[in-house]
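*Asks:* Just so it is clear, I am handing over target-v3.txt, which has compact mmCIF, C-alpha atoms.
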```
# COMPACT_ATOMS: atom_id res chain seq x y z
CA GLN E 7 0.00 0.00 0.00
CA GLY E 8 1.47 3.36 -1.03
CA ARG E 9 1.48 6.35 1.28
CA ASP E 10 2.29 9.99 0.62
CA THR E 11 4.75 10.45 3.47
CA MET E 12 8.37 11.26 4.12
CA PRO E 13 10.45 9.87 7.00
CA GLY E 14 9.75 11.75 10.24
CA GLU E 15 12.05 14.56 11.28
CA GLY E 16 12.16 13.00 14.74
CA ALA E 17 13.71 9.78 13.41
CA ARG E 18 16.44 11.67 11.56
CA ALA E 19 17.16 13.84 14.59
CA ALA E 20 17.34 10.74 16.81
CA LEU E 21 19.92 9.20 14.45
CA ALA E 22 22.03 12.36 14.58
CA LEU E 23 21.90 12.32 18.39
CA PHE E 24 22.93 8.67 18.49
CA VAL E 25 26.00 9.44 16.39
CA ALA E 26 26.89 12.40 18.61
CA LEU E 27 26.65 10.27 21.74
CA ALA E 28 29.20 7.78 20.41
CA ALA E 29 32.04 10.05 21.60
CA PRO E 30 34.42 8.68 24.29
CA ALA E 31 33.00 8.80 27.83
CA ALA E 32 35.91 10.79 29.24
CA ALA E 33 35.33 13.63 26.76
CA ARG E 34 31.59 13.60 27.26
CA PHE E 35 31.64 14.05 31.01
CA ASP E 36 34.41 16.61 31.60
CA GLY E 37 31.86 19.38 32.22
CA ALA E 38 29.85 17.39 34.75
CA VAL E 39 32.94 16.26 36.65
CA ALA E 40 34.31 19.81 36.72
CA TRP E 41 31.02 21.16 38.10
CA LEU E 42 30.85 18.51 40.81
CA GLU E 43 34.45 19.06 41.89
CA ALA E 44 33.99 22.84 42.00
CA ASN E 45 30.62 22.82 43.78
CA ILE E 46 30.19 19.53 45.68
CA GLN E 47 33.31 17.38 46.08
CA PRO E 48 35.78 15.34 44.03
CA VAL E 49 34.60 12.48 41.83
CA THR E 50 36.33 9.19 42.57
CA SER E 51 34.83 6.94 39.89
CA THR E 52 32.34 6.91 37.03
CA TRP E 53 30.39 4.19 35.25
CA SER E 54 27.84 3.94 32.48
CA GLU E 55 24.16 3.62 33.37
CA GLY E 56 23.16 3.04 29.75
CA ALA E 57 21.86 5.27 26.99
CA SER E 58 18.80 6.06 24.93
CA THR E 59 18.95 7.28 21.37
CA TRP E 60 18.98 10.89 22.59
CA ALA E 61 20.79 10.87 25.95
CA HIS E 62 23.59 9.12 27.81
CA ARG E 63 23.42 8.27 31.53
CA GLU E 64 26.28 7.82 33.95
CA GLY E 65 26.75 7.18 37.66
CA MET E 66 29.47 8.92 39.65
CA ALA E 67 30.84 8.22 43.10
CA LEU E 68 32.00 11.16 45.23
CA GLU E 69 34.75 11.34 47.81
CA ASP E 70 32.39 10.91 50.77
CA GLY E 71 30.93 7.72 49.29
CA SER E 72 27.70 9.29 48.04
CA ARG E 73 26.63 8.95 44.43
CA VAL E 74 25.10 11.14 41.76
CA PHE E 75 23.33 10.37 38.51
CA VAL E 76 24.32 12.35 35.41
CA LYS E 77 22.27 12.64 32.24
CA ARG E 78 24.00 14.08 29.21
CA SER E 79 22.57 15.43 25.94
CA PRO E 80 24.41 16.63 22.83
CA LEU E 81 21.92 19.53 22.69
CA PRO E 82 22.10 22.82 24.63
CA ALA E 83 20.30 22.68 27.98
CA ASP E 84 17.54 25.01 26.80
CA ARG E 85 16.64 22.55 24.03
CA MET E 86 16.29 19.42 26.19
CA LEU E 87 17.48 19.04 29.77
CA ARG E 88 16.40 22.42 31.18
CA ALA E 89 12.71 21.50 30.92
CA GLU E 90 13.37 18.18 32.65
CA ALA E 91 15.26 19.88 35.49
CA LEU E 92 12.59 22.54 35.98
CA GLY E 93 9.89 19.87 35.81
CA LEU E 94 11.51 17.70 38.46
CA ARG E 95 11.88 20.71 40.75
CA ALA E 96 8.28 21.79 40.14
CA ILE E 97 6.90 18.30 40.78
CA GLY E 98 9.02 17.95 43.90
CA ALA E 99 7.86 21.33 45.21
CA THR E 100 4.25 20.11 45.32
CA GLY E 101 5.18 17.48 47.93
CA THR E 102 2.87 14.96 46.23
CA VAL E 103 5.19 12.42 44.60
CA ASP E 104 8.91 11.78 45.00
CA VAL E 105 11.42 12.79 42.32
CA PRO E 106 15.23 12.75 42.15
CA GLU E 107 16.82 15.89 43.60
CA VAL E 108 18.27 18.12 40.88
CA LEU E 109 21.72 19.53 41.68
CA CYS E 110 22.40 21.40 38.46
CA CYS E 111 21.63 21.65 34.77
CA GLU E 112 24.36 23.29 32.72
CA ASP E 113 25.60 23.73 29.19
CA ASP E 114 28.91 22.04 28.43
CA PRO E 115 30.38 24.11 25.57
CA ALA E 116 33.60 22.10 25.47
CA ASN E 117 31.60 19.03 24.45
CA ASP E 118 28.84 20.76 22.45
CA GLY E 119 26.08 19.62 24.77
CA SER E 120 24.68 19.84 28.27
CA PHE E 121 24.32 17.79 31.43
CA LEU E 122 21.87 17.30 34.29
CA VAL E 123 23.18 16.18 37.70
CA MET E 124 20.86 14.56 40.27
CA ARG E 125 21.32 12.87 43.61
CA HIS E 126 21.35 9.10 43.27
CA VAL E 127 18.10 7.48 44.43
CA GLU E 128 17.75 3.81 45.26
CA MET E 129 14.78 2.50 43.29
CA ARG E 130 13.31 -0.65 41.85
CA PRO E 131 10.66 -1.30 39.20
CA TYR E 132 7.19 -2.42 40.21
CA ARG E 133 6.77 -6.18 40.08
CA ARG E 134 4.17 -7.71 37.83
CA GLY E 135 0.78 -7.49 39.53
CA GLU E 136 2.09 -5.22 42.31
CA SER E 137 -0.44 -2.58 43.33
CA ARG E 138 0.10 0.91 41.95
CA ALA E 139 -2.64 2.45 44.10
CA ALA E 140 -0.21 4.71 45.97
CA LEU E 141 1.13 5.98 42.64
CA GLY E 142 -2.41 6.72 41.45
CA ALA E 143 -3.25 8.69 44.59
CA ALA E 144 0.05 10.61 44.46
CA LEU E 145 -0.41 11.48 40.80
CA ALA E 146 -3.93 12.73 41.44
CA ARG E 147 -2.64 14.97 44.24
CA LEU E 148 -0.01 16.31 41.84
CA HIS E 149 -2.70 17.12 39.27
CA ALA E 150 -4.89 18.74 41.93
CA ALA E 151 -2.07 20.93 43.29
CA PRO E 152 -2.33 24.64 42.45
CA PRO E 153 0.21 25.77 39.83
CA ALA E 154 3.37 27.04 41.51
CA ALA E 155 3.66 30.10 39.27
CA ARG E 156 1.14 32.91 39.18
CA ALA E 157 -0.88 33.28 36.01
CA ARG E 158 0.93 35.34 33.41
CA GLN E 159 -0.21 38.91 32.97
CA ASP E 160 -1.89 38.01 29.68
CA GLY E 161 -3.91 35.27 31.39
CA SER E 162 -1.96 32.37 29.88
CA ARG E 163 -2.20 29.20 31.93
CA PHE E 164 -1.12 26.27 29.73
CA GLY E 165 2.47 25.60 28.68
CA PHE E 166 5.85 25.75 30.42
CA PRO E 167 8.63 28.32 30.88
CA VAL E 168 10.96 26.58 28.38
CA VAL E 169 10.77 24.40 25.29
CA GLY E 170 11.03 20.71 26.15
CA THR E 171 11.41 17.36 24.46
CA ILE E 172 9.28 14.23 24.37
CA GLY E 173 11.83 11.51 23.79
CA GLY E 174 14.06 13.14 21.20
CA THR E 175 11.30 15.28 19.67
CA VAL E 176 11.04 19.00 20.37
CA GLN E 177 7.94 19.74 22.47
CA PRO E 178 6.77 23.37 22.09
CA ASN E 179 5.49 24.94 25.31
CA ALA E 180 4.56 28.53 24.41
CA TRP E 181 2.10 29.85 27.00
CA ALA E 182 -1.55 29.88 25.92
CA GLN E 183 -4.82 30.96 27.50
CA ASP E 184 -6.92 28.27 25.84
CA TRP E 185 -6.24 24.56 26.40
CA VAL E 186 -8.01 23.32 23.27
CA ALA E 187 -5.99 25.64 21.02
CA PHE E 188 -2.77 24.75 22.87
CA PHE E 189 -3.22 21.01 22.42
CA ARG E 190 -4.51 21.30 18.87
CA GLU E 191 -1.63 23.45 17.63
CA GLN E 192 1.37 22.76 19.89
CA ARG E 193 0.81 19.04 20.33
CA VAL E 194 -1.04 17.28 17.50
CA ALA E 195 -0.47 19.76 14.66
CA HIS E 196 3.21 19.97 15.60
CA GLN E 197 3.63 16.19 15.38
CA LEU E 198 1.75 16.08 12.07
CA ARG E 199 4.06 18.72 10.60
CA LEU E 200 7.01 16.52 11.53
CA ALA E 201 5.36 13.38 10.12
CA ARG E 202 4.43 14.91 6.74
CA ASP E 203 1.96 12.09 6.15
CA GLY E 204 -0.98 12.97 3.93
CA GLU E 205 -3.34 10.26 5.15
CA LEU E 206 -2.81 11.20 8.78
CA ARG E 207 -3.32 14.87 7.96
CA ARG E 208 -6.57 14.21 6.08
CA ALA E 209 -7.91 12.11 8.95
CA TRP E 210 -7.00 14.87 11.41
CA ASP E 211 -8.78 17.44 9.25
CA GLY E 212 -11.86 15.21 9.42
CA VAL E 213 -11.64 15.10 13.21
CA LEU E 214 -11.39 18.88 13.40
CA GLU E 215 -14.45 19.24 11.18
CA ARG E 216 -16.47 16.70 13.18
CA THR E 217 -15.55 18.16 16.58
CA ASP E 218 -15.66 21.89 15.77
CA GLY E 219 -11.88 22.20 16.05
CA LEU E 220 -11.91 19.86 19.11
CA GLU E 221 -14.21 22.21 21.02
CA GLY E 222 -16.99 19.62 20.90
CA LEU E 223 -14.89 17.21 22.96
CA PHE E 224 -14.68 19.69 25.84
CA ARG E 225 -18.23 21.00 26.14
CA GLY E 226 -19.31 21.12 29.76
CA VAL E 227 -15.71 20.80 31.03
CA ALA E 228 -13.81 23.65 32.65
CA VAL E 229 -10.18 22.68 32.08
CA ARG E 230 -7.88 23.88 34.84
CA PRO E 231 -4.09 23.76 34.48
CA SER E 232 -2.38 20.82 36.17
CA LEU E 233 1.33 20.14 36.27
CA ILE E 234 1.78 16.80 34.50
CA HIS E 235 4.76 14.49 34.13
CA GLY E 236 4.00 14.32 30.43
CA ASP E 237 5.72 11.04 29.48
CA LEU E 238 4.48 8.64 32.12
CA TRP E 239 5.06 5.11 30.89
CA GLU E 240 6.28 2.09 32.87
CA GLY E 241 9.95 2.99 32.38
CA ASN E 242 9.55 6.42 33.99
CA TYR E 243 8.22 5.48 37.41
CA ALA E 244 9.43 3.15 40.14
CA LEU E 245 9.39 2.49 43.87
CA GLY E 246 11.89 4.64 45.69
CA PRO E 247 13.13 4.73 49.29
CA GLU E 248 10.71 3.27 51.87
CA GLY E 249 8.55 1.94 49.04
CA ARG E 250 7.18 5.35 47.98
CA PRO E 251 6.31 6.01 44.32
CA LEU E 252 9.00 7.88 42.40
CA VAL E 253 8.75 9.50 38.95
CA PHE E 254 11.56 10.71 36.70
CA ASP E 255 12.43 11.63 33.08
CA PRO E 256 9.44 14.00 32.71
CA ALA E 257 8.32 15.98 29.67
CA PRO E 258 6.49 18.48 31.88
CA TYR E 259 4.02 21.27 31.26
CA TYR E 260 0.80 22.73 32.66
CA ALA E 261 -2.02 20.86 30.96
CA HIS E 262 -5.41 19.21 31.26
CA SER E 263 -4.86 16.42 33.77
CA GLU E 264 -6.28 13.82 31.35
CA ALA E 265 -3.35 14.46 28.99
CA GLU E 266 -1.18 12.58 31.52
CA PHE E 267 -2.71 9.31 30.39
CA GLY E 268 -1.82 9.48 26.72
CA MET E 269 0.88 6.89 27.46
CA ALA E 270 -1.40 4.62 29.51
CA TRP E 271 -1.08 1.95 26.80
CA ALA E 272 2.56 1.49 27.89
CA ALA E 273 2.20 2.29 31.60
CA GLY E 274 0.73 -0.85 33.21
CA PHE E 275 -1.26 1.18 35.74
CA GLY E 276 -4.02 -1.32 36.52
CA THR E 277 -7.41 -1.08 38.21
CA GLU E 278 -6.14 -0.19 41.69
CA PHE E 279 -4.21 2.76 40.27
CA ALA E 280 -7.34 4.05 38.50
CA GLU E 281 -9.55 3.63 41.56
CA ALA E 282 -7.08 5.47 43.82
CA TYR E 283 -6.67 8.27 41.29
CA ARG E 284 -10.43 8.72 40.90
CA GLU E 285 -10.95 8.90 44.66
CA VAL E 286 -9.03 12.17 44.53
CA LEU E 287 -10.03 13.43 41.07
CA PRO E 288 -13.35 12.06 39.78
CA GLU E 289 -13.73 11.46 36.06
CA GLU E 290 -15.01 14.46 34.08
CA PRO E 291 -17.84 14.29 31.53
CA GLY E 292 -16.65 13.14 28.10
CA CYS E 293 -13.39 11.61 29.35
CA ALA E 294 -13.78 8.48 27.22
CA ALA E 295 -14.33 10.54 24.07
CA ARG E 296 -11.11 12.51 24.72
CA ARG E 297 -8.96 9.49 25.52
CA PRO E 298 -7.92 8.77 21.89
CA LEU E 299 -7.02 12.45 21.44
CA TYR E 300 -4.41 12.28 24.18
CA THR E 301 -3.20 8.88 23.02
CA LEU E 302 -2.86 10.21 19.47
CA TYR E 303 -0.18 12.70 20.49
CA HIS E 304 2.09 9.96 21.80
CA HIS E 305 1.41 7.55 18.94
CA LEU E 306 2.33 10.32 16.49
CA ASN E 307 5.49 11.03 18.46
CA HIS E 308 6.42 7.35 18.38
CA PHE E 309 5.78 7.30 14.64
CA ASN E 310 8.13 10.27 14.22
CA LEU E 311 10.79 8.72 16.44
CA PHE E 312 10.59 5.02 15.65
CA GLY E 313 8.81 4.67 12.32
CA VAL E 314 5.84 2.99 10.68
CA ASP E 315 5.01 0.49 13.44
CA TYR E 316 3.06 3.26 15.19
CA ARG E 317 1.33 4.72 12.14
CA ASP E 318 -1.63 2.32 12.32
CA ASP E 319 -2.03 3.12 16.02
CA ALA E 320 -2.30 6.82 15.18
CA LEU E 321 -4.82 6.09 12.44
CA GLU E 322 -6.89 4.03 14.88
CA ASP E 323 -6.90 6.93 17.36
CA LEU E 324 -8.12 9.23 14.60
CA GLU E 325 -10.82 6.73 13.62
CA GLN E 326 -12.04 6.58 17.21
CA LEU E 327 -12.24 10.35 17.31
CA LEU E 328 -14.28 10.28 14.13
CA GLN E 329 -16.61 7.50 15.31
CA GLY E 330 -16.93 8.34 19.02
CA PRO E 331 -15.78 6.48 22.17
CA ARG E 332 -15.73 2.68 22.16
CA ASP E 333 -15.64 2.18 25.93
CA VAL E 334 -16.02 4.01 29.23
CA SER E 335 -13.26 2.26 31.16
CA ALA E 336 -11.36 4.24 33.75
CA LEU E 337 -8.21 6.01 32.59
```
With the file now loaded, output its structure as structure tokens.
*Replies:*
Amino acid sequence: QGRDTMPGEGARAALALFVALAAPAAARFDGAVAWLEANIQPVTSTWSEGASTWAHREGMALEDGSRVFVKRSPLPADRMLRAEALGLRAIGATGTVDVPEVLCCEDDPANDGSFLVMRHVEMRPYRRGESRAALGAALARLHAAPPAARARQDGSRFGFPVVGTIGGTVQPNAWAQDWVAFFREQRVAHQLRLARDGELRRAWDGVLERTDGLEGLFRGVAVRPSLIHGDLWEGNYALGPEGRPLVFDPAPYYAHSEAEFGMAWAAGFGTEFAEAYREVLPEEPGCAARRPLYTLYHHLNHFNLFGVDYRDDALEDLEQLLQGPRDVSAL
């Protein structure tokens, strides 16, 4: 079957980042080591903690025996890691769910990139079938917390102070007063511009026509801004010290709380999570009809990053938006 598409910009950018991250470890981490030795204490050893296509991770031991976790990007901090650092600090400031403590986020001009330094946190993944109820309750409290920053003078409420990334894809965060316009233009339309896929674009145009530019999906709902993690799948949460839920690697912004669950298909939350979440934040009218909208954003991003395996998922989301909700299951 032919398709009028070109390879996603995200996939090409991810390849470029992978090549950049192939540099020797010693060169990559000079900036981070120098910052630690100037501001904390000497580094006694380093080791790799693995890598994604767009970032490299390393552990470092300090002179007093403590450890830090360093994340390194070949991009300037303001194009990737700054949003993550600000998001972790903002989430932590709510006192609702644990996050790693951010020590610094700096550019590293000598290595044409940037680094993020965090305190090491002992953590483990949830076991299969293990209850995630505490995570659900903590996440609901995060979403219910008042935004830390005052509303901007122009009334804007949705967005974030800096541009972020979702995986290796740029995630625009320009402040907006209207949630529907923000998500329509800075989330879905942005991903579609990167994808350059005619069939996806035509299906999206049909959704906009059917839903009055998405406004029809939000009738009767007063969307308030909630700080969301933004990329909450099973690999980005764990159990931290004393068995408390811990989240990390966010793609944060102030959003409709339901947007948090666009990655639920890869999150393994379970029924107990949903029940605990809904005890704090009850489901709003029309939630089931909006679910494929929020899933669509992440399926499009995966299509742009990883290729055609996710194209059919995005088309299915668009079909559900055209046909109406298929179920009313929680989250």
*Asks:* Name all residues at most 6 Å from range 47-53 of chain E (count all atoms listed in the file; drop same-chain ones fewer than 5 positions away) and give them as an MDAnalysis selection string.
*Replies:* chainID E and resid 42 64:69
*Asks:* Between CA of Val39 in chain E and CA of Gly174 in chain E, measure the distance and give it in Å to one decimal.
*Replies:*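 Taking CA of Val39 in chain E and CA of Gly174 in chain E, their separation equals 24.6 Å.
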*Asks:* Fewer than 6 positions away in the same chain doesn't count, so skip those; otherwise give me all residues within 9 Å of Arg78 in chain E, counting only C-alpha atoms, as a PyMOL selection string.
*Replies:* chain E and resi 27+34-35+38+60-64+87+119-123
*Asks:* Once you count all atoms listed in the file, what closest atom pair and distance in Å to one decimal does each residue of range 217-317 of chain E within 9 Å of range 133-150 of chain E have, with rows by chain and rising residue number, as a tab-separated table?
*Replies:*
```
residue	atom	partner	partner_atom	distance
E:Pro231	CA	E:His149	CA	8.3
E:Ser232	CA	E:His149	CA	4.8
E:Leu233	CA	E:His149	CA	5.9
E:Ile234	CA	E:His149	CA	6.6
E:His235	CA	E:Leu145	CA	9.0
E:Tyr243	CA	E:Leu141	CA	8.8
E:Arg250	CA	E:Ala140	CA	7.7
E:Pro251	CA	E:Leu141	CA	5.4
E:Leu252	CA	E:Leu141	CA	8.1
E:His262	CA	E:His149	CA	8.7
E:Ser263	CA	E:His149	CA	6.0
E:Gly274	CA	E:Arg138	CA	8.9
E:Phe275	CA	E:Arg138	CA	6.4
E:Gly276	CA	E:Arg138	CA	7.2
E:Thr277	CA	E:Ala139	CA	8.4
E:Glu278	CA	E:Ala139	CA	5.0
E:Phe279	CA	E:Ala139	CA	4.2
E:Ala280	CA	E:Gly142	CA	6.3
E:Glu281	CA	E:Ala139	CA	7.5
E:Ala282	CA	E:Ala143	CA	5.1
E:Tyr283	CA	E:Gly142	CA	4.5
E:Arg284	CA	E:Ala146	CA	7.7
E:Glu285	CA	E:Ala143	CA	7.7
E:Val286	CA	E:Ala146	CA	6.0
E:Leu287	CA	E:Ala146	CA	6.2
```
*Asks:* Can you list, as number ranges by chain, every protein, DNA or RNA residue that comes within 9 Å of Glu240 in chain E when you count all atoms listed in the file, leaving out same-chain residues fewer than 5 positions away?
*Replies:* E: 131-132, 270, 272-275
*Asks:* With C-alpha atoms kept, could you save the residues just selected as a PDB file, keeping the file's coordinate frame?
*Replies:*
```pdb
ATOM      1  CA  PRO E 131      10.660  -1.300  39.200  1.00  0.00           C
ATOM      2  CA  TYR E 132       7.190  -2.420  40.210  1.00  0.00           C
ATOM      3  CA  ALA E 270      -1.400   4.620  29.510  1.00  0.00           C
ATOM      4  CA  ALA E 272       2.560   1.490  27.890  1.00  0.00           C
ATOM      5  CA  ALA E 273       2.200   2.290  31.600  1.00  0.00           C
ATOM      6  CA  GLY E 274       0.730  -0.850  33.210  1.00  0.00           C
ATOM      7  CA  PHE E 275      -1.260   1.180  35.740  1.00  0.00           C
TER       8      PHE E 275
END
```
*Asks:* Can you pull out every residue within 12 Å of range 206-223 of chain E, counting all atoms listed in the file, but drop anything in the same chain fewer than 4 positions away, and send it as a ChimeraX atom specification?
*Replies:* /E:9-11,184-191,194-202,227-229,290-300,302-303,305-306,309,316-331
*Asks:* What are the centre and edge lengths in Å, to one decimal, of the axis-aligned box around all listed atoms of range 139-151 of chain E with 5 Å added on each side, as lines of an AutoDock Vina configuration file?
*Replies:*
```
center_x = -1.9
center_y = 11.7
center_z = 42.6
size_x = 16.0
size_y = 28.5
size_z = 16.7
```
*Asks:* Tell me which of E:Ala99, E:Ala182, E:Leu109, E:Val314 sits closest to Tyr260 in chain E, counting all atoms listed in the file.
*Replies:*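 Of the candidates, the smallest distance to Tyr260 in chain E is held by E:Ala182.
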*Asks:* Pick out the closest residue to Val176 in chain E from this set: E:Pro115, E:Gln192, E:Phe224, E:Arg230. Count all atoms listed in the file.
*Replies:* E:Gln192
*Asks:* Nearest to Val168 in chain E: which of E:Asp113, E:Glu205, E:Asp237, E:Glu90 is it, counting all atoms listed in the file?
*Replies:* E:Glu90
*Asks:* Please, what distance in Å, to one decimal, runs between CA of Ala57 in chain E and CA of Asp70 in chain E?
*Replies:* 26.6 Å
*Asks:* For His308 in chain E, which residue out of E:Asp255, E:Asp203, E:Ile172, E:Ala244 is the nearest one, using all atoms listed in the file?
*Replies:*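 Closest to His308 in chain E of all the choices is E:Ile172.
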*Asks:* Looking at all atoms listed in the file, which of E:Cys111, E:Met124, E:Ala151, E:Ala96 is the one that sits closest to Pro167 in chain E?
*Replies:* E:Ala96
*Asks:* Which one is closest to Asn242 in chain E: E:Pro80, E:Gly170, E:Gly313, E:Pro106? Count only C-alpha atoms.
*Replies:* E:Pro106
*Asks:* So the first atom is CA of Pro256 in chain E and the second is CA of Arg85 in chain E; what is the distance between them in Å, to one decimal place?
*Replies:*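 Separating CA of Pro256 in chain E from CA of Arg85 in chain E is a distance of 14.2 Å.
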*Asks:* For His126 in chain E, work out the shell of residues within 6 Å, counting only C-alpha atoms and skipping chain neighbours fewer than 2 positions away, then give it as a short mmCIF file (atom, residue, chain, number, x, y, z; two decimals) with C-alpha atoms, keeping the file's coordinate frame.
*Replies:*
```
data_model
loop_
_atom_site.label_atom_id
_atom_site.label_comp_id
_atom_site.auth_asym_id
_atom_site.auth_seq_id
_atom_site.Cartn_x
_atom_site.Cartn_y
_atom_site.Cartn_z
CA ARG E 73 26.63 8.95 44.43
CA VAL E 74 25.10 11.14 41.76
CA PHE E 75 23.33 10.37 38.51
#
```
